[in-house]
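**Q** After the structure tokens below, expect a handful of questions from me.
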Amino acid sequence: MPMNGATPLFALDAVAIDIETTGLDASRANAVQIGTMPIVKGVLRTDRACEQLLNPGIPIPPSSTTIHGVTDEMVRDAPPLADVWTRFTTQWENQVVIGHSIGFDLTVLAGEAKRNKLEWRKPRALCVRMLATIAAPTLASHSLDALANWLGLEISNRHRALGDAEAAGRIFIALAPRLQAKGIRTLAEAERACNGLTAELARHSEAGWVPPVSEPDDAEQGRVDTFVYRHRVADIMASPVIAVSTGTTLNRAMEIMASHAVSSVFVTSTGEAGLPVDQYAIVTERDAVRHIVRRGAAALDDPVGSIGSRPIRTIREHAFLYRAVGRMSRLGFRHLGVHSETDTLVGVISARDLLKLRDGPAVELTDAIDEASSSTELALAWATLPRVVQSLSAEQVDARLIAQIISEEIRSMTRRAAVLASHAMKDEGLGDPPCRFSVLVLGSGGRGESLLVPDQDNAIVFERGEPGGPEDAWFADLGARTADILDGAGIPYCTGGVMAKNPDWRGSVNTWNERVDRWVRQSRRQDLLNVDIFFDAVPVHGTWSLGNDLLDYACAKGSRDTTFAKLLGERLASVHTPLSMFGRLKTRDGRFDIKMHILFPVASAARTLAIRHGVTQRSTRQRLDGLMALGLGNDSDIAALQQAHILGLTLLLAQQSQDIGHGLKPTTSIDVAALNRRQKADLKKTLADLQNIPMLLRSIMFESGSPGPASSTSDRD
């Protein structure tokens, strides 16, 4: 798999290298020593260092020996570079090569390959000299010794290949936080910044060195298996599960599996189905075969209660299939139980089911988030997302579905961060949670409409306790640790402070109910942005019913108070046109803000009307569908909002994934010049249609609709 440009520098997998040579003319010099040291997830692996003396085939000039100390006698019995070529070049296959003035080393390798007719493919590379020039442009010298001294690093074995490789690796790791402070966080951003150092690049070129960095190659985006991103576990699970009692014999259980053409049965004390997952064991075909091998024919009469495996491993019924693929791979299991939002076993999915659907392409998003043990590992999992988004966009997958996938990852990141935070608190002697609680994701993550410019929007509701009390203090600590982990993993702190570490975004059930009452009764206009973000909330960790019950309470309150809903809609009382009097798009630096002019007004209108009319689903699409089901509004007007939402997400996700791949900071704006004629026409028509939002709000706000299907606060995106 090619190295992902979205990978954070502090979590990079790379190889630090250095080559000692017969001279300083890189195009003609022969290697006399090579040293490599891996960097794994931002950690220098000295235990995996590799150094090799090389016979250059020509005498080593005394001037070169004076520098690196390698003599003809030392390399007389050493192999030539050609003999160890594959051994070394495979070390950095699909890795980033790190070095000081790395262009020199790359040029030496390219020259050796040409002379010896060896296969050579220039690796992706970063030069610590150039990175240091970015981090500290006024430093008097950017030599290896000067950089080590500036960063307070002790280095040894200078001018020997392994010593210099290790020094370059340590300097790179030390530079990562300094570069992040300069706004350079990812591999692609570092590459782009280095490519902007025209003077330094000219120095490389004038010396005859291969330029150390290049723009990321869009061709690295591989084809993905879109089925597992388009469908949920519930779409292919076998349901209901087949349950047998603990006393059922293995022979009978195998007969049941054969008659139903399934590869597993679940075991409960009475054989009853529809129970919580913790009351089940599972017996698979493989379990049966292994037991028979151990016990022989007598095994057929053994009760399955003594054979079944517990606890069973499960996955949510509304999880995407890529999650099931990743979880099976991580756990080494071939069966997963499927549980509902209330933790009831509702189905089963097997590796056999998934194999029927796979056509070969890679599943890049896996279950890595759920096994991450640190913010660094979370960052690596998160970094795979932009490439998946770009691939799915290229295959014209519905942008709303792609946004749901991003939201699923944000929810999983938040869930895992909360788990890691609570484990750390327990390890430090702070104990278990003092009462039941629920962690909520708010805003676009709750709606299932996240983009590749995320920030944290989260809250915590807990069962009991007063503000400032011991329970509140425990959950304040949990919220702060969760926020720190997410920020370290690449999901930055919310600039508006919508995080559970802040008192306004955590509280007991009673505190939250009082807060909701106050919002509905006396909301101030300046509070409304935060208030309506709350109505997008979805539970992601803890006791989900606490979160869902709170949302039910808030939605009921908001629906009954027409003044509250009207106040929410006042921000959309007039939608300023982003078109000039000649019908041209109003841009800034050639970019047009899609979030401001399309996504915000559409999502806000849908939310406001949904609160007013008791439509409790989260996503904009489902809210608009819910209004139509109630017979509210004109179908063509609602359909226009749906299409506007799709267009806005499609254009913005494509732009963001492209920007990330090229080392640009993703924003909520698109490059208008990159749009084709059809896209520009669709965009202008959509913007014109959205001028009707104020009128649509006024017409539907107090309209009475026919009874529609029951809504649920449980997330179904």
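Residues are named by chain letter and number: chains run A, B, ... in the order of the structure tokens, numbers start at 1 in each chain, and ligands are numbered from 1 in the order shown.
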Identify all residues of region 221-405 of chain A in strand (DSSP E) (DSSP on the backbone) and supply them as a VMD selection string.
**A** chain A and resid 243 to 245 264 to 268 281 to 284 314 to 316 335 to 339 345 to 350
**Q** For Val439 (chain A), please output as number ranges by chain all residues within 6 Å (counting only C-alpha atoms; exclusion window: fewer than 2 positions along the same chain).
**A** A: 459-460, 539-541
**Q** Give me a file of those residues, with N, CA, C and O atoms, as a JSON list (two decimals), in the first residue's frame.
**A**
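After the write, again.json holds the following:
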[["chain", "number", "residue", "atom", "x", "y", "z"],
["A", 459, "ALA", "N", -20.52, 15.78, 24.08],
["A", 459, "ALA", "CA", -21.14, 16.09, 25.37],
["A", 459, "ALA", "C", -21.23, 14.80, 26.18],
["A", 459, "ALA", "O", -21.08, 13.70, 25.65],
["A", 460, "ILE", "N", -21.47, 14.95, 27.48],
["A", 460, "ILE", "CA", -21.68, 13.79, 28.36],
["A", 460, "ILE", "C", -22.90, 14.05, 29.22],
["A", 460, "ILE", "O", -23.05, 15.13, 29.80],
["A", 539, "PRO", "N", -25.81, 9.15, 20.74],
["A", 539, "PRO", "CA", -24.94, 8.47, 21.71],
["A", 539, "PRO", "C", -23.92, 7.59, 20.99],
["A", 539, "PRO", "O", -24.24, 6.95, 19.98],
["A", 540, "VAL", "N", -22.70, 7.54, 21.53],
["A", 540, "VAL", "CA", -21.67, 6.69, 20.93],
["A", 540, "VAL", "C", -20.97, 5.80, 21.95],
["A", 540, "VAL", "O", -20.26, 4.87, 21.57],
["A", 541, "HIS", "N", -21.16, 6.07, 23.24],
["A", 541, "HIS", "CA", -20.46, 5.28, 24.25],
["A", 541, "HIS", "C", -21.21, 5.36, 25.56],
["A", 541, "HIS", "O", -21.85, 6.37, 25.87]]
**Q** Give me the residues within 9 Å of region 83-95 of chain A as a list of chain:residue names, counting only C-alpha atoms and dropping any in the same chain fewer than 6 places off.
**A** A:Met1, A:Pro2, A:Met3, A:Leu12, A:Asp13, A:Ala14, A:Val15, A:Ile34, A:Thr36, A:Pro38, A:Cys50, A:Gln52, A:Leu54, A:Ala113, A:Leu118, A:Trp120, A:Pro123, A:Arg124, A:Ala125
**Q** Please save all heavy atoms of the selected residues as a compact mmCIF listing (two decimals), in the first residue's frame.
**A**
# COMPACT_ATOMS: atom_id res chain seq x y z
N MET A 1 0.84 -1.18 0.00
CA MET A 1 0.00 0.00 0.00
C MET A 1 0.88 1.24 0.00
O MET A 1 1.77 1.38 0.84
CB MET A 1 -0.88 0.00 1.24
CG MET A 1 -1.91 1.11 1.27
SD MET A 1 -3.24 0.83 0.11
CE MET A 1 -4.00 -0.62 0.83
N PRO A 2 0.69 2.19 -0.92
CA PRO A 2 1.52 3.40 -0.94
C PRO A 2 1.33 4.19 0.35
O PRO A 2 0.28 4.15 0.98
CB PRO A 2 0.97 4.17 -2.16
CG PRO A 2 0.25 3.15 -2.99
CD PRO A 2 -0.27 2.15 -2.03
N MET A 3 2.38 4.92 0.72
CA MET A 3 2.30 5.76 1.92
C MET A 3 1.24 6.83 1.72
O MET A 3 1.15 7.46 0.68
CB MET A 3 3.67 6.39 2.20
CG MET A 3 3.67 7.33 3.38
SD MET A 3 3.04 6.61 4.92
CE MET A 3 4.23 5.29 5.19
N LEU A 12 4.44 8.69 11.53
CA LEU A 12 4.89 8.19 10.24
C LEU A 12 5.69 6.89 10.38
O LEU A 12 6.47 6.72 11.30
CB LEU A 12 5.77 9.25 9.58
CG LEU A 12 5.95 9.20 8.07
CD1 LEU A 12 4.63 9.39 7.35
CD2 LEU A 12 6.94 10.29 7.64
N ASP A 13 5.48 5.98 9.42
CA ASP A 13 6.36 4.84 9.24
C ASP A 13 7.38 5.23 8.19
O ASP A 13 7.02 5.56 7.05
CB ASP A 13 5.59 3.60 8.78
CG ASP A 13 4.81 2.95 9.91
OD1 ASP A 13 5.09 3.26 11.08
OD2 ASP A 13 3.93 2.13 9.63
N ALA A 14 8.66 5.22 8.54
CA ALA A 14 9.69 5.71 7.64
C ALA A 14 10.99 4.95 7.89
O ALA A 14 11.07 4.10 8.78
CB ALA A 14 9.92 7.22 7.85
N VAL A 15 12.00 5.23 7.06
CA VAL A 15 13.32 4.65 7.24
C VAL A 15 14.35 5.77 7.13
O VAL A 15 14.42 6.44 6.10
CB VAL A 15 13.63 3.56 6.19
CG1 VAL A 15 15.04 3.01 6.41
CG2 VAL A 15 12.61 2.44 6.25
N ILE A 34 26.42 1.80 3.99
CA ILE A 34 25.02 2.22 4.05
C ILE A 34 24.47 1.86 5.43
O ILE A 34 24.80 0.80 5.98
CB ILE A 34 24.17 1.57 2.93
CG1 ILE A 34 22.73 2.10 2.98
CG2 ILE A 34 24.21 0.05 2.99
CD1 ILE A 34 21.88 1.69 1.77
N THR A 36 20.76 2.09 7.87
CA THR A 36 19.32 2.35 7.90
C THR A 36 18.79 2.11 9.31
O THR A 36 19.29 1.24 10.03
CB THR A 36 18.55 1.45 6.92
OG1 THR A 36 18.70 0.08 7.30
CG2 THR A 36 19.04 1.64 5.49
N PRO A 38 14.75 2.06 11.05
CA PRO A 38 13.31 2.30 10.86
C PRO A 38 12.74 3.27 11.89
O PRO A 38 13.21 3.35 13.03
CB PRO A 38 12.68 0.91 11.02
CG PRO A 38 13.82 -0.05 10.92
CD PRO A 38 15.03 0.68 11.42
N CYS A 50 20.38 -1.33 10.70
CA CYS A 50 21.13 -2.17 9.77
C CYS A 50 22.26 -1.33 9.16
O CYS A 50 22.02 -0.21 8.70
CB CYS A 50 20.20 -2.69 8.68
SG CYS A 50 20.97 -3.85 7.55
N GLN A 52 26.02 -1.73 6.71
CA GLN A 52 26.78 -2.63 5.87
C GLN A 52 27.92 -1.87 5.19
O GLN A 52 27.70 -0.85 4.53
CB GLN A 52 25.88 -3.25 4.79
CG GLN A 52 26.59 -4.15 3.81
CD GLN A 52 27.08 -5.44 4.43
OE1 GLN A 52 26.27 -6.20 4.97
NE2 GLN A 52 28.37 -5.68 4.41
N LEU A 54 30.59 -1.66 2.16
CA LEU A 54 30.42 -2.03 0.76
C LEU A 54 31.74 -1.86 0.02
O LEU A 54 32.47 -0.89 0.24
CB LEU A 54 29.35 -1.13 0.10
CG LEU A 54 27.97 -1.14 0.76
CD1 LEU A 54 27.13 0.03 0.23
CD2 LEU A 54 27.25 -2.46 0.53
N ALA A 113 22.42 2.27 -9.30
CA ALA A 113 21.45 1.45 -10.02
C ALA A 113 21.71 1.48 -11.52
O ALA A 113 21.66 0.45 -12.21
CB ALA A 113 20.03 1.93 -9.72
N LEU A 118 20.45 -2.11 -12.05
CA LEU A 118 19.54 -2.52 -10.98
C LEU A 118 18.23 -1.75 -11.09
O LEU A 118 18.21 -0.61 -11.56
CB LEU A 118 20.18 -2.25 -9.61
CG LEU A 118 21.52 -2.94 -9.35
CD1 LEU A 118 22.15 -2.39 -8.08
CD2 LEU A 118 21.34 -4.45 -9.25
N TRP A 120 15.47 0.61 -10.02
CA TRP A 120 15.46 1.75 -9.11
C TRP A 120 14.18 2.53 -9.27
O TRP A 120 13.80 2.92 -10.37
CB TRP A 120 16.66 2.67 -9.38
CG TRP A 120 16.59 4.02 -8.71
CD1 TRP A 120 16.47 5.23 -9.32
CD2 TRP A 120 16.64 4.29 -7.30
NE1 TRP A 120 16.44 6.25 -8.39
CE2 TRP A 120 16.55 5.70 -7.13
CE3 TRP A 120 16.74 3.49 -6.16
CZ2 TRP A 120 16.56 6.31 -5.88
CZ3 TRP A 120 16.76 4.11 -4.92
CH2 TRP A 120 16.67 5.49 -4.78
N PRO A 123 12.12 6.66 -4.02
CA PRO A 123 11.12 6.59 -2.95
C PRO A 123 10.61 7.97 -2.57
O PRO A 123 11.21 9.00 -2.92
CB PRO A 123 11.92 5.97 -1.79
CG PRO A 123 13.32 6.45 -2.02
CD PRO A 123 13.50 6.52 -3.52
N ARG A 124 9.53 7.99 -1.87
CA ARG A 124 9.04 9.22 -1.26
C ARG A 124 10.02 9.60 -0.15
O ARG A 124 10.44 8.73 0.62
CB ARG A 124 7.65 8.98 -0.70
CG ARG A 124 6.73 10.17 -0.77
CD ARG A 124 5.29 9.72 -0.63
NE ARG A 124 4.41 10.86 -0.56
CZ ARG A 124 3.08 10.77 -0.56
NH1 ARG A 124 2.51 9.59 -0.63
NH2 ARG A 124 2.33 11.84 -0.50
N ALA A 125 10.43 10.85 -0.08
CA ALA A 125 11.50 11.20 0.84
C ALA A 125 11.28 12.57 1.46
O ALA A 125 10.63 13.44 0.88
CB ALA A 125 12.85 11.17 0.11
**Q** Give me, as a PDB file with C-alpha atoms, in the first residue's frame, all polymer residues having an atom no more than 10 Å from region 289-306 of chain A, counting only C-alpha atoms and skipping those fewer than 2 positions away in the same chain.
**A**
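What follows is the written file out10.pdb:
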ATOM      1  CA  VAL A 244     -30.480 -24.089  21.106  1.00  0.00           C
ATOM      2  CA  SER A 245     -30.448 -24.923  24.795  1.00  0.00           C
ATOM      3  CA  THR A 246     -27.299 -25.778  26.729  1.00  0.00           C
ATOM      4  CA  GLY A 247     -28.435 -29.396  27.021  1.00  0.00           C
ATOM      5  CA  THR A 248     -28.749 -29.950  23.261  1.00  0.00           C
ATOM      6  CA  THR A 249     -26.295 -32.604  22.061  1.00  0.00           C
ATOM      7  CA  LEU A 250     -23.590 -31.747  19.574  1.00  0.00           C
ATOM      8  CA  ASN A 251     -25.078 -34.241  17.142  1.00  0.00           C
ATOM      9  CA  ARG A 252     -28.450 -32.517  17.264  1.00  0.00           C
ATOM     10  CA  ALA A 253     -26.854 -29.073  16.927  1.00  0.00           C
ATOM     11  CA  MET A 254     -25.009 -30.238  13.790  1.00  0.00           C
ATOM     12  CA  VAL A 265     -25.843 -21.932  16.353  1.00  0.00           C
ATOM     13  CA  PHE A 266     -26.176 -19.834  19.489  1.00  0.00           C
ATOM     14  CA  VAL A 267     -26.599 -21.383  22.915  1.00  0.00           C
ATOM     15  CA  THR A 268     -28.736 -20.106  25.789  1.00  0.00           C
ATOM     16  CA  SER A 269     -29.880 -21.798  28.957  1.00  0.00           C
ATOM     17  CA  ALA A 281     -22.489 -18.723  23.672  1.00  0.00           C
ATOM     18  CA  ILE A 282     -21.759 -19.782  20.092  1.00  0.00           C
ATOM     19  CA  VAL A 283     -20.926 -23.152  18.544  1.00  0.00           C
ATOM     20  CA  THR A 284     -19.593 -23.159  14.980  1.00  0.00           C
ATOM     21  CA  GLU A 285     -18.885 -25.920  12.489  1.00  0.00           C
ATOM     22  CA  ARG A 286     -15.183 -25.589  13.282  1.00  0.00           C
ATOM     23  CA  ASP A 287     -15.891 -25.900  17.022  1.00  0.00           C
ATOM     24  CA  GLY A 308     -19.773 -23.138  23.195  1.00  0.00           C
ATOM     25  CA  SER A 309     -17.489 -20.091  23.246  1.00  0.00           C
TER      26      SER A 309
END
**Q** Would you give me, as CSV, each residue of region 110-129 of chain A having an atom within 12 Å of an atom of region 29-32 of chain A, along with its shortest atom pair and that distance in Å to one decimal, using only C-alpha atoms and sorting by chain and residue number?
**A**
residue,atom,partner,partner_atom,distance
A:Ala110,CA,A:Ala29,CA,10.7
A:Gly111,CA,A:Ala29,CA,7.9
A:Glu112,CA,A:Asn30,CA,6.9
A:Ala113,CA,A:Asn30,CA,10.6
A:Lys114,CA,A:Asn30,CA,11.7
A:Arg115,CA,A:Asn30,CA,9.9
A:Asn116,CA,A:Asn30,CA,11.1
**Q** Skip Ser412 (chain A) itself and residues of its chain fewer than 2 positions away, then list as a PyMOL selection string all residues within 10 Å of it, counting only C-alpha atoms.
**A** chain A and resi 367+369-370+378+406-410+414-418+441+540-541
**Q** Save out the residues we just selected, all heavy atoms, as a short mmCIF file (atom, residue, chain, number, x, y, z; two decimals), in the first residue's frame.
**A**
data_model
loop_
_atom_site.label_atom_id
_atom_site.label_comp_id
_atom_site.auth_asym_id
_atom_site.auth_seq_id
_atom_site.Cartn_x
_atom_site.Cartn_y
_atom_site.Cartn_z
N ASP A 367 -10.86 -2.08 11.24
CA ASP A 367 -11.33 -1.95 12.62
C ASP A 367 -10.23 -1.38 13.51
O ASP A 367 -10.24 -1.56 14.71
CB ASP A 367 -11.75 -3.34 13.12
CG ASP A 367 -12.76 -3.26 14.26
OD1 ASP A 367 -13.60 -2.36 14.25
OD2 ASP A 367 -12.69 -4.11 15.16
N ILE A 369 -9.46 1.52 14.56
CA ILE A 369 -9.82 2.46 15.62
C ILE A 369 -10.17 1.73 16.91
O ILE A 369 -9.74 2.12 18.00
CB ILE A 369 -11.00 3.35 15.17
CG1 ILE A 369 -10.55 4.32 14.08
CG2 ILE A 369 -11.59 4.11 16.35
CD1 ILE A 369 -11.67 5.13 13.48
N ASP A 370 -10.90 0.63 16.79
CA ASP A 370 -11.36 -0.08 17.98
C ASP A 370 -10.26 -0.85 18.69
O ASP A 370 -10.48 -1.34 19.80
CB ASP A 370 -12.51 -1.02 17.62
CG ASP A 370 -13.81 -0.27 17.34
OD1 ASP A 370 -13.91 0.88 17.78
OD2 ASP A 370 -14.70 -0.83 16.68
N LEU A 378 -4.62 6.02 16.84
CA LEU A 378 -5.86 6.60 16.33
C LEU A 378 -5.58 7.51 15.14
O LEU A 378 -6.32 7.51 14.16
CB LEU A 378 -6.57 7.38 17.43
CG LEU A 378 -7.32 6.58 18.49
CD1 LEU A 378 -7.85 7.50 19.58
CD2 LEU A 378 -8.48 5.79 17.87
N ILE A 406 -17.63 9.03 7.01
CA ILE A 406 -16.75 9.91 7.78
C ILE A 406 -17.30 10.08 9.19
O ILE A 406 -16.56 10.04 10.18
CB ILE A 406 -16.62 11.28 7.09
CG1 ILE A 406 -16.01 11.13 5.69
CG2 ILE A 406 -15.76 12.23 7.93
CD1 ILE A 406 -16.03 12.41 4.87
N SER A 407 -18.61 10.27 9.29
CA SER A 407 -19.25 10.43 10.61
C SER A 407 -19.08 9.18 11.45
O SER A 407 -18.85 9.26 12.67
CB SER A 407 -20.74 10.75 10.44
OG SER A 407 -20.93 11.94 9.71
N GLU A 408 -19.19 8.01 10.81
CA GLU A 408 -19.01 6.75 11.53
C GLU A 408 -17.60 6.69 12.13
O GLU A 408 -17.41 6.25 13.27
CB GLU A 408 -19.23 5.57 10.59
CG GLU A 408 -19.01 4.21 11.21
CD GLU A 408 -20.12 3.78 12.14
OE1 GLU A 408 -21.21 4.39 12.10
OE2 GLU A 408 -19.91 2.83 12.93
N GLU A 409 -16.62 7.16 11.36
CA GLU A 409 -15.25 7.15 11.86
C GLU A 409 -15.08 8.15 13.01
O GLU A 409 -14.39 7.87 14.00
CB GLU A 409 -14.28 7.49 10.73
CG GLU A 409 -14.26 6.46 9.61
CD GLU A 409 -13.81 5.09 10.10
OE1 GLU A 409 -12.63 4.91 10.40
OE2 GLU A 409 -14.67 4.18 10.20
N ILE A 410 -15.70 9.32 12.89
CA ILE A 410 -15.62 10.31 13.98
C ILE A 410 -16.27 9.77 15.24
O ILE A 410 -15.74 9.92 16.35
CB ILE A 410 -16.27 11.63 13.54
CG1 ILE A 410 -15.38 12.34 12.51
CG2 ILE A 410 -16.51 12.55 14.74
CD1 ILE A 410 -15.98 13.59 11.93
N THR A 414 -14.33 9.05 18.72
CA THR A 414 -14.78 9.61 20.00
C THR A 414 -15.01 8.50 21.02
O THR A 414 -14.63 8.61 22.19
CB THR A 414 -16.06 10.43 19.80
OG1 THR A 414 -15.83 11.43 18.80
CG2 THR A 414 -16.48 11.10 21.09
N ARG A 415 -15.65 7.44 20.56
CA ARG A 415 -15.91 6.30 21.45
C ARG A 415 -14.59 5.72 21.98
O ARG A 415 -14.44 5.49 23.18
CB ARG A 415 -16.68 5.23 20.69
CG ARG A 415 -17.03 3.97 21.51
CD ARG A 415 -17.71 2.92 20.64
NE ARG A 415 -18.82 3.49 19.91
CZ ARG A 415 -18.91 3.54 18.57
NH1 ARG A 415 -17.94 3.05 17.82
NH2 ARG A 415 -19.97 4.05 17.99
N ARG A 416 -13.64 5.50 21.06
CA ARG A 416 -12.38 4.89 21.49
C ARG A 416 -11.58 5.84 22.38
O ARG A 416 -10.94 5.41 23.35
CB ARG A 416 -11.54 4.51 20.26
CG ARG A 416 -10.29 3.70 20.61
CD ARG A 416 -10.65 2.41 21.32
NE ARG A 416 -9.48 1.65 21.73
CZ ARG A 416 -9.52 0.61 22.56
NH1 ARG A 416 -10.68 0.21 23.06
NH2 ARG A 416 -8.42 -0.03 22.87
N ALA A 417 -11.61 7.13 22.08
CA ALA A 417 -10.91 8.10 22.92
C ALA A 417 -11.48 8.08 24.33
O ALA A 417 -10.73 8.17 25.32
CB ALA A 417 -11.03 9.49 22.31
N ALA A 418 -12.80 7.97 24.45
CA ALA A 418 -13.42 7.91 25.78
C ALA A 418 -13.02 6.63 26.51
O ALA A 418 -12.78 6.65 27.73
CB ALA A 418 -14.94 8.00 25.65
N VAL A 441 -22.00 12.49 20.46
CA VAL A 441 -21.39 13.28 19.39
C VAL A 441 -22.47 14.20 18.83
O VAL A 441 -23.58 13.75 18.53
CB VAL A 441 -20.81 12.39 18.29
CG1 VAL A 441 -20.43 13.21 17.06
CG2 VAL A 441 -19.57 11.66 18.81
N VAL A 540 -22.70 7.54 21.53
CA VAL A 540 -21.67 6.69 20.93
C VAL A 540 -20.97 5.80 21.95
O VAL A 540 -20.26 4.87 21.57
CB VAL A 540 -20.61 7.53 20.18
CG1 VAL A 540 -21.23 8.29 19.04
CG2 VAL A 540 -19.86 8.48 21.13
N HIS A 541 -21.16 6.07 23.24
CA HIS A 541 -20.46 5.28 24.25
C HIS A 541 -21.21 5.36 25.56
O HIS A 541 -21.85 6.37 25.87
CB HIS A 541 -19.03 5.82 24.43
CG HIS A 541 -18.24 5.10 25.49
ND1 HIS A 541 -17.99 3.75 25.45
CD2 HIS A 541 -17.63 5.56 26.63
CE1 HIS A 541 -17.27 3.39 26.50
NE2 HIS A 541 -17.05 4.47 27.23
#
**Q** Neighbouring residues of Asp536 (chain A) were defined as those with any atom within 7 Å, considering only C-alpha atoms; residues of the same chain fewer than 6 positions away were excluded. Please report them as a PyMOL selection string.
**A** chain A and resi 442-443+446-447+618
**Q** Grab the residues selected above and save them as a PDB file, in the first residue's frame with all heavy atoms.
**A**
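Output file out24.pdb follows:
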ATOM      1  N   LEU A 442     -22.138  15.486  18.689  1.00  0.00           N
ATOM      2  CA  LEU A 442     -23.119  16.484  18.272  1.00  0.00           C
ATOM      3  C   LEU A 442     -22.789  16.985  16.865  1.00  0.00           C
ATOM      4  O   LEU A 442     -21.846  16.541  16.223  1.00  0.00           O
ATOM      5  CB  LEU A 442     -23.105  17.665  19.249  1.00  0.00           C
ATOM      6  CG  LEU A 442     -23.040  17.354  20.746  1.00  0.00           C
ATOM      7  CD1 LEU A 442     -22.990  18.649  21.553  1.00  0.00           C
ATOM      8  CD2 LEU A 442     -24.214  16.514  21.181  1.00  0.00           C
ATOM      9  N   GLY A 443     -23.584  17.923  16.391  1.00  0.00           N
ATOM     10  CA  GLY A 443     -23.297  18.585  15.120  1.00  0.00           C
ATOM     11  C   GLY A 443     -23.334  17.656  13.931  1.00  0.00           C
ATOM     12  O   GLY A 443     -24.114  16.708  13.881  1.00  0.00           O
ATOM     13  N   GLY A 446     -23.083  13.961  14.545  1.00  0.00           N
ATOM     14  CA  GLY A 446     -24.335  13.365  14.994  1.00  0.00           C
ATOM     15  C   GLY A 446     -25.326  13.197  13.861  1.00  0.00           C
ATOM     16  O   GLY A 446     -26.074  12.216  13.812  1.00  0.00           O
ATOM     17  N   ARG A 447     -25.351  14.159  12.934  1.00  0.00           N
ATOM     18  CA  ARG A 447     -26.275  14.069  11.788  1.00  0.00           C
ATOM     19  C   ARG A 447     -25.844  13.023  10.770  1.00  0.00           C
ATOM     20  O   ARG A 447     -26.625  12.630   9.915  1.00  0.00           O
ATOM     21  CB  ARG A 447     -26.364  15.421  11.053  1.00  0.00           C
ATOM     22  CG  ARG A 447     -26.979  16.543  11.822  1.00  0.00           C
ATOM     23  CD  ARG A 447     -27.407  17.681  10.899  1.00  0.00           C
ATOM     24  NE  ARG A 447     -26.365  18.125  10.000  1.00  0.00           N
ATOM     25  CZ  ARG A 447     -25.436  19.043  10.291  1.00  0.00           C
ATOM     26  NH1 ARG A 447     -25.435  19.591  11.502  1.00  0.00           N
ATOM     27  NH2 ARG A 447     -24.527  19.409   9.413  1.00  0.00           N
ATOM     28  N   ARG A 618     -31.984  12.234  12.794  1.00  0.00           N
ATOM     29  CA  ARG A 618     -30.889  13.197  12.850  1.00  0.00           C
ATOM     30  C   ARG A 618     -30.495  13.784  11.506  1.00  0.00           C
ATOM     31  O   ARG A 618     -30.209  14.966  11.401  1.00  0.00           O
ATOM     32  CB  ARG A 618     -29.620  12.555  13.447  1.00  0.00           C
ATOM     33  CG  ARG A 618     -29.800  11.765  14.707  1.00  0.00           C
ATOM     34  CD  ARG A 618     -30.181  12.604  15.906  1.00  0.00           C
ATOM     35  NE  ARG A 618     -29.830  11.934  17.145  1.00  0.00           N
ATOM     36  CZ  ARG A 618     -30.536  10.972  17.711  1.00  0.00           C
ATOM     37  NH1 ARG A 618     -31.658  10.566  17.144  1.00  0.00           N
ATOM     38  NH2 ARG A 618     -30.136  10.405  18.839  1.00  0.00           N
TER      39      ARG A 618
END
**Q** Return as JSON, numbers by chain the full set of residues in region 172-355 of chain A whose backbone-based DSSP assignment is alpha helix (DSSP H).
**A** {"A": [172, 173, 174, 175, 176, 177, 178, 179, 180, 181, 187, 188, 189, 190, 191, 192, 193, 194, 195, 198, 199, 200, 201, 202, 203, 204, 205, 206, 227, 228, 229, 230, 233, 234, 235, 236, 250, 251, 252, 253, 254, 255, 256, 257, 258, 259, 260, 285, 286, 287, 288, 289, 290, 291, 292, 293, 294, 295, 321, 322, 323, 324, 325, 326, 327, 328, 329, 330, 331, 351, 352, 353, 354, 355]}
**Q** Expressed in Å to a single decimal, how great is the separation between CA of Pro694 (chain A) and CA of Asp532 (chain A)?
**A**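 These atoms are spaced 17.7 Å apart.
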**Q** Hey, what's within 6 Å of region 593-608 of chain A if we count only C-alpha atoms and toss same-chain stuff fewer than 4 positions away? As a ChimeraX atom specification, please?
**A** /A:565,620,623-624,668-669
**Q** Restricting the calculation to only C-alpha atoms, which member of A:Leu53, A:Ala174, A:Cys127, A:Ile312 is positioned closest to Arg160 (chain A)?
**A**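 Looking at the shortest contact to Arg160 (chain A), the residue is A:Leu53.
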**Q** Between A:Phe172, A:Phe535, A:Tyr280, A:Trp519, which one has atoms that come closest to Arg310 (chain A), using only C-alpha atoms?
**A**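 Distance minimum relative to Arg310 (chain A) lands on A:Tyr280.
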